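**Q** Contents of protein_11.cif (mmCIF, C-alpha atoms and all ligand atoms) are given next:
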data_input
loop_
_atom_site.label_atom_id
_atom_site.label_comp_id
_atom_site.auth_asym_id
_atom_site.auth_seq_id
_atom_site.Cartn_x
_atom_site.Cartn_y
_atom_site.Cartn_z
CA MET H 1 23.02 14.18 4.98
CA ILE H 2 21.22 12.17 7.67
CA GLU H 3 22.74 8.97 9.07
CA LEU H 4 19.95 6.46 9.71
CA HIS H 5 20.78 3.60 12.06
CA THR H 6 17.98 1.13 11.62
CA TRP H 7 16.65 -2.36 11.02
CA SER H 8 13.62 -3.81 9.16
CA THR H 9 11.04 -3.33 11.91
CA PRO H 10 7.98 -1.09 12.34
CA ASN H 11 9.83 1.56 14.36
CA GLY H 12 12.76 1.57 11.96
CA ARG H 13 10.49 1.90 8.94
CA LYS H 14 8.87 5.05 10.36
CA ALA H 15 12.18 6.88 9.95
CA SER H 16 13.01 5.54 6.48
CA ILE H 17 9.51 6.26 5.15
CA MET H 18 9.76 9.80 6.55
CA LEU H 19 13.17 10.36 4.94
CA GLU H 20 11.79 9.19 1.62
CA GLU H 21 8.68 11.35 1.97
CA VAL H 22 10.58 14.57 2.72
CA GLY H 23 13.32 13.82 0.19
CA LEU H 24 16.31 14.34 2.49
CA PRO H 25 19.49 12.51 1.47
CA TYR H 26 20.39 9.78 3.95
CA GLU H 27 22.86 7.00 4.51
CA VAL H 28 21.70 3.73 6.05
CA PHE H 29 23.65 1.96 8.80
CA PRO H 30 21.99 -1.44 9.41
CA ILE H 31 21.89 -2.43 13.09
CA ASN H 32 21.09 -6.13 13.09
CA ILE H 33 19.05 -6.52 16.27
CA THR H 34 18.93 -10.31 15.83
CA LYS H 35 22.73 -10.25 16.29
CA LYS H 36 22.57 -7.87 19.29
CA GLU H 37 24.28 -5.06 17.37
CA GLN H 38 22.01 -2.61 19.26
CA PHE H 39 24.23 -3.17 22.30
CA ALA H 40 27.47 -2.14 20.58
CA PRO H 41 29.15 0.76 22.45
CA GLU H 42 29.26 2.92 19.29
CA PHE H 43 25.50 2.53 18.79
CA LEU H 44 24.77 3.19 22.48
CA LYS H 45 26.36 6.62 22.09
CA LEU H 46 23.53 7.44 19.65
CA SER H 47 20.78 5.41 21.28
CA PRO H 48 21.29 4.89 25.03
CA ASN H 49 18.07 2.85 25.16
CA ASN H 50 19.74 0.28 22.84
CA ARG H 51 16.90 0.34 20.35
CA ILE H 52 16.55 1.35 16.73
CA PRO H 53 15.97 3.72 15.01
CA ALA H 54 18.47 6.50 15.69
CA ILE H 55 19.76 9.31 13.50
CA ARG H 56 22.68 11.69 13.26
CA ASP H 57 22.21 14.89 11.28
CA ARG H 58 25.65 15.55 9.83
CA GLU H 59 24.63 19.12 8.99
CA THR H 60 23.84 20.08 12.60
CA GLY H 61 25.57 17.33 14.59
CA MET H 62 22.23 16.53 16.24
CA THR H 63 21.68 12.90 17.29
CA LEU H 64 18.30 11.44 18.24
CA PHE H 65 16.75 8.17 19.30
CA GLU H 66 13.00 7.41 19.72
CA SER H 67 11.10 7.18 16.45
CA GLY H 68 8.51 9.81 17.41
CA ALA H 69 11.21 12.35 18.21
CA ILE H 70 12.95 11.54 14.91
CA LEU H 71 9.72 12.14 12.95
CA MET H 72 9.17 15.48 14.69
CA TYR H 73 12.77 16.55 14.07
CA LEU H 74 12.68 15.70 10.37
CA ALA H 75 9.28 17.36 9.96
CA GLN H 76 10.50 20.54 11.65
CA LYS H 77 13.76 20.52 9.70
CA THR H 78 11.96 20.32 6.37
CA GLY H 79 8.70 22.12 7.20
CA LYS H 80 6.81 19.08 5.88
CA LEU H 81 4.18 16.67 7.20
CA TRP H 82 3.53 18.45 10.52
CA PRO H 83 1.59 21.74 10.41
CA ALA H 84 3.46 24.34 12.49
CA GLN H 85 0.42 25.62 14.37
CA GLY H 86 -3.31 25.47 14.91
CA GLU H 87 -5.54 22.48 15.49
CA ALA H 88 -3.76 20.32 12.89
CA HIS H 89 -0.48 20.79 14.79
CA TRP H 90 -2.04 19.40 17.97
CA ARG H 91 -4.07 16.68 16.24
CA THR H 92 -0.78 15.45 14.75
CA ILE H 93 0.84 15.30 18.19
CA GLU H 94 -2.27 13.69 19.67
CA TRP H 95 -2.32 10.81 17.18
CA LEU H 96 1.46 10.50 17.18
CA MET H 97 1.36 10.05 20.97
CA TRP H 98 -1.51 7.57 20.60
CA GLN H 99 0.69 5.52 18.31
CA MET H 100 3.79 5.80 20.49
CA GLY H 101 1.89 4.85 23.66
CA GLY H 102 -0.62 2.32 22.32
CA PHE H 103 -0.64 1.30 18.66
CA GLY H 104 2.97 0.20 18.90
CA PRO H 105 3.79 -1.08 22.39
CA MET H 106 0.54 -3.05 22.67
CA LEU H 107 0.81 -4.49 19.17
CA GLY H 108 4.41 -5.42 19.93
CA GLN H 109 3.09 -7.53 22.79
CA ALA H 110 0.49 -9.06 20.46
CA HIS H 111 3.31 -10.06 18.08
CA HIS H 112 5.15 -11.82 20.87
CA PHE H 113 2.25 -13.79 22.25
CA LEU H 114 0.23 -14.47 19.07
CA LYS H 115 3.09 -15.12 16.65
CA TYR H 116 6.28 -16.00 18.54
CA ASN H 117 4.82 -17.69 21.60
CA ALA H 118 1.57 -19.14 20.21
CA GLY H 119 -0.16 -21.69 22.41
CA LYS H 120 2.03 -21.06 25.47
CA ALA H 121 0.22 -18.23 27.26
CA PRO H 122 -3.54 -18.26 26.49
CA TYR H 123 -4.32 -15.39 28.88
CA ALA H 124 -1.73 -13.11 27.24
CA GLU H 125 -2.84 -14.12 23.74
CA GLU H 126 -6.43 -13.27 24.56
CA ARG H 127 -5.50 -10.02 26.28
CA TYR H 128 -3.29 -8.66 23.50
CA HIS H 129 -5.52 -9.86 20.67
CA ALA H 130 -8.45 -8.06 22.32
CA GLU H 131 -6.28 -4.94 22.77
CA ALA H 132 -5.16 -5.12 19.13
CA LYS H 133 -8.79 -5.28 17.99
CA ARG H 134 -9.70 -2.39 20.28
CA LEU H 135 -6.87 -0.23 18.89
CA TRP H 136 -7.79 -1.10 15.30
CA GLY H 137 -11.36 -0.06 16.18
CA VAL H 138 -10.11 3.32 17.44
CA LEU H 139 -8.10 3.78 14.23
CA ASP H 140 -11.06 2.77 12.09
CA ARG H 141 -13.48 5.15 13.79
CA ARG H 142 -11.06 8.09 13.46
CA LEU H 143 -10.51 7.31 9.79
CA GLY H 144 -14.28 7.24 9.29
CA GLU H 145 -14.23 10.96 10.19
CA VAL H 146 -11.09 12.18 8.41
CA GLU H 147 -8.98 11.07 5.47
CA TYR H 148 -5.74 10.86 7.49
CA LEU H 149 -5.24 10.82 11.26
CA ALA H 150 -4.64 14.56 11.63
CA GLY H 151 -6.66 15.58 8.54
CA ASP H 152 -3.90 15.70 5.93
CA TYR H 153 -1.22 13.02 5.57
CA SER H 154 1.29 13.63 8.39
CA ILE H 155 3.91 12.14 10.68
CA ALA H 156 1.04 10.62 12.70
CA ASP H 157 0.20 8.39 9.71
CA ILE H 158 3.85 7.61 9.06
CA ALA H 159 4.21 6.47 12.69
CA THR H 160 1.09 4.30 12.60
CA PHE H 161 1.35 2.71 9.16
CA PRO H 162 4.34 0.34 9.69
CA TRP H 163 2.60 -1.14 12.74
CA ALA H 164 -0.60 -1.60 10.73
CA CYS H 165 1.49 -3.51 8.18
CA ARG H 166 1.80 -6.36 10.66
CA PHE H 167 -1.97 -6.96 10.61
CA GLU H 168 -1.48 -10.68 9.93
CA TRP H 169 0.76 -11.08 12.99
CA GLN H 170 -1.97 -9.37 15.02
CA GLN H 171 -4.64 -11.70 13.56
CA ILE H 172 -6.52 -8.68 12.25
CA ASP H 173 -8.79 -8.96 9.20
CA LEU H 174 -8.66 -5.60 7.46
CA ASN H 175 -12.07 -6.26 5.93
CA GLU H 176 -13.55 -5.71 9.40
CA PHE H 177 -12.04 -2.20 9.45
CA SER H 178 -13.06 -0.65 6.14
CA ASN H 179 -11.97 2.94 6.94
CA ALA H 180 -8.58 1.75 8.15
CA LYS H 181 -8.29 -0.46 5.07
CA ARG H 182 -8.95 2.52 2.77
CA TRP H 183 -6.24 4.49 4.62
CA TYR H 184 -3.84 1.52 4.56
CA LEU H 185 -4.14 1.08 0.81
CA ALA H 186 -3.70 4.82 0.19
CA ILE H 187 -0.38 4.83 2.08
CA ALA H 188 0.74 1.46 0.72
CA ASN H 189 0.40 2.91 -2.78
CA ARG H 190 2.63 5.91 -2.06
CA PRO H 191 5.98 5.43 -3.83
CA ALA H 192 7.88 7.02 -0.90
CA ALA H 193 6.25 4.62 1.58
CA GLN H 194 7.17 1.69 -0.67
CA ARG H 195 10.79 2.84 -0.91
CA GLY H 196 11.08 3.55 2.80
CA TYR H 197 9.51 0.27 3.82
CA ILE H 198 12.24 -1.85 2.25
CA VAL H 199 15.08 -0.22 4.23
CA PRO H 200 17.40 -1.94 4.96
CA ASP H 201 15.93 -5.30 3.81
CA ASP H 202 14.62 -5.01 0.26
CA LYS H 203 13.10 -8.49 0.33
CA GLN H 204 10.17 -7.54 2.56
CA PRO H 205 7.73 -5.32 0.65
CA ILE H 206 4.57 -3.83 2.18
CA PRO H 207 2.06 -6.64 2.87
CA MET H 208 -1.09 -6.18 0.81
CA PRO H 209 -4.44 -7.32 2.24
N1 LIG Q 301 9.99 3.68 21.63
C1 LIG Q 301 11.06 3.28 20.74
C2 LIG Q 301 10.99 1.79 20.55
C3 LIG Q 301 12.09 1.29 19.65
C4 LIG Q 301 12.10 -0.22 19.57
O1 LIG Q 301 11.43 -0.91 20.34
N2 LIG Q 301 12.87 -0.72 18.59
C5 LIG Q 301 12.99 -2.15 18.45
C6 LIG Q 301 12.76 -2.56 17.01
S1 LIG Q 301 11.11 -2.10 16.46
C7 LIG Q 301 14.38 -2.56 18.85
O2 LIG Q 301 15.34 -1.86 18.59
N3 LIG Q 301 14.52 -3.71 19.51
C8 LIG Q 301 15.78 -4.20 19.95
C9 LIG Q 301 15.72 -4.86 21.28
O3 LIG Q 301 14.60 -5.17 21.73
O4 LIG Q 301 16.78 -5.09 21.88
C10 LIG Q 301 10.90 4.00 19.40
O5 LIG Q 301 9.75 4.26 19.01
O6 LIG Q 301 11.91 4.30 18.75
#
I need this file expressed as structure tokens, please.
Ligand SMILES: N[C@@H](CCC(=O)N[C@@H](CS)C(=O)NCC(=O)O)C(=O)O

**A**
Amino acid sequence: MIELHTWSTPNGRKASIMLEEVGLPYEVFPINITKKEQFAPEFLKLSPNNRIPAIRDRETGMTLFESGAILMYLAQKTGKLWPAQGEAHWRTIEWLMWQMGGFGPMLGQAHHFLKYNAGKAPYAEERYHAEAKRLWGVLDRRLGEVEYLAGDYSIADIATFPWACRFEWQQIDLNEFSNAKRWYLAIANRPAAQRGYIVPDDKQPIPMP
């Protein structure tokens, strides 16, 4: 049994989609970040960076924060969605790191300036909208070469998809990125992705373009 401490955000959804994909039993502990529950001392023991998601594996006692680390742990534990060796192993890491370092942090900034702070900081809006479009272009070009980011569906796609789901917040028209749109729809139609996306809030299904 895996304890999943999470909230309905892109980083949280990576972990719940992964747990659904690999079929591990898990128990959800909602950490309401709008009520500052991420600063509670009990949660900080699991996640010293006071951010969701975090897990505890009751079988091994292992605790982890950082969504990328959680995806790698669950993939290694189950032998699923991350090839153990060869080029596909490294392509998975490469695109996972691309998501963790770019198609996540930069889009998070775009959400703040374009959605939550609209009209107040034109320079930041322009900067992060341009960066969002650049990152979507990178994603689109890669997905013009391969079906999924590392070839087969993997933890790299699971990391990237929940951030892509906020395309409206990023003012991105998926019709301008046809390869990425094909990939998006393929994942959006996976039953495990649909189940994982609505954890813990079942009122926010995957946005469809
Ligand atoms: N690099 C971390 C980022 C986690 C993160 O930023 N989580 C957000 C929700 S998506 C959060 O917990 N925010 C709470 C806060 O900002 O205090 C990861 O990938 O797990």

**Q** Quick one: distance from atom CA of H:Trp136 to atom CA of H:Phe65 in Å, one decimal?

**A**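 So the answer is 26.5 Å.
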
**Q** Of the candidates H:Ser67, H:Thr92, H:Thr6, H:Thr160, which one gets nearest to ligand LIG 301 (chain Q) if we count only C-alpha atoms and all ligand atoms?

**A**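 Of all the options, H:Ser67 lies closest to ligand LIG 301 (chain Q).
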
**Q** Which one of H:Gly119, H:Gly79, H:Gly86, H:Gly12 sits closest to ligand LIG 301 (chain Q) if you count all atoms listed in the file?

**A** H:Gly12

**Q** For ligand LIG 301 (chain Q), list the contacting residues at 10 Å or closer, counting only C-alpha atoms and all ligand atoms, as a ChimeraX atom specification.

**A** /H:6-15,31-39,47,49-54,64-71,99-101,104-105,108,159,162-163

**Q** Report as an MDAnalysis selection string all protein, DNA and RNA residues lying within 9 Å of stretch 112-115 of chain H, evaluated on all atoms listed in the file, omitting residues in the same chain fewer than 2 positions from it.

**A** chainID H and resid 107:110 117:122 124:126 128:129 169:171

**Q** How many Å separate atom CA of H:Ala84 from atom CA of H:Asp152?

**A**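 Value for the atom CA of H:Ala84-atom CA of H:Asp152 distance: 13.1 Å.
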
**Q** Quote the spacing between atom CA of H:Pro207 and atom CA of H:Ala164 in Å to one decimal place.

**A**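 These atoms are spaced 9.7 Å apart.
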
**Q** Which is closer to H:Glu145 than all the others in H:Asn179, H:Leu96, H:Lys77, H:Ile172, using all atoms listed in the file?

**A**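 When distances to H:Glu145 are compared using all atoms listed in the file, the smallest one comes from H:Asn179.
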
**Q** Which residue is closest to H:Met1? Choose from H:Lys133, H:Arg141, H:Lys80, H:Arg58 and count all atoms listed in the file.

**A** H:Arg58

**Q** Compare H:Gly137, H:Pro48, H:Gly196, H:Pro209 by their minimum atom-to-atom distance to H:Asn175, counting only C-alpha atoms, and give me the closest one.

**A**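 Nearest candidate to H:Asn175 out of H:Gly137, H:Pro48, H:Gly196, H:Pro209: H:Pro209.
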
**Q** Considering all atoms listed in the file, state which residue in the set H:Asp201, H:Glu131, H:Glu27, H:Glu20 is at the smallest distance from H:Ile2.

**A**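 Looking only at the distances to H:Ile2, the closest residue turns out to be H:Glu27.
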
**Q** Enclose all atoms of stretch 135-144 of chain H listed in the file in an axis-aligned box, grow every side by 5 Å, and hand back centre and edge lengths in Å to one decimal, as lines of an AutoDock Vina configuration file.

**A**
center_x = -10.6
center_y = 3.5
center_z = 14.1
size_x = 17.4
size_y = 19.2
size_z = 19.6
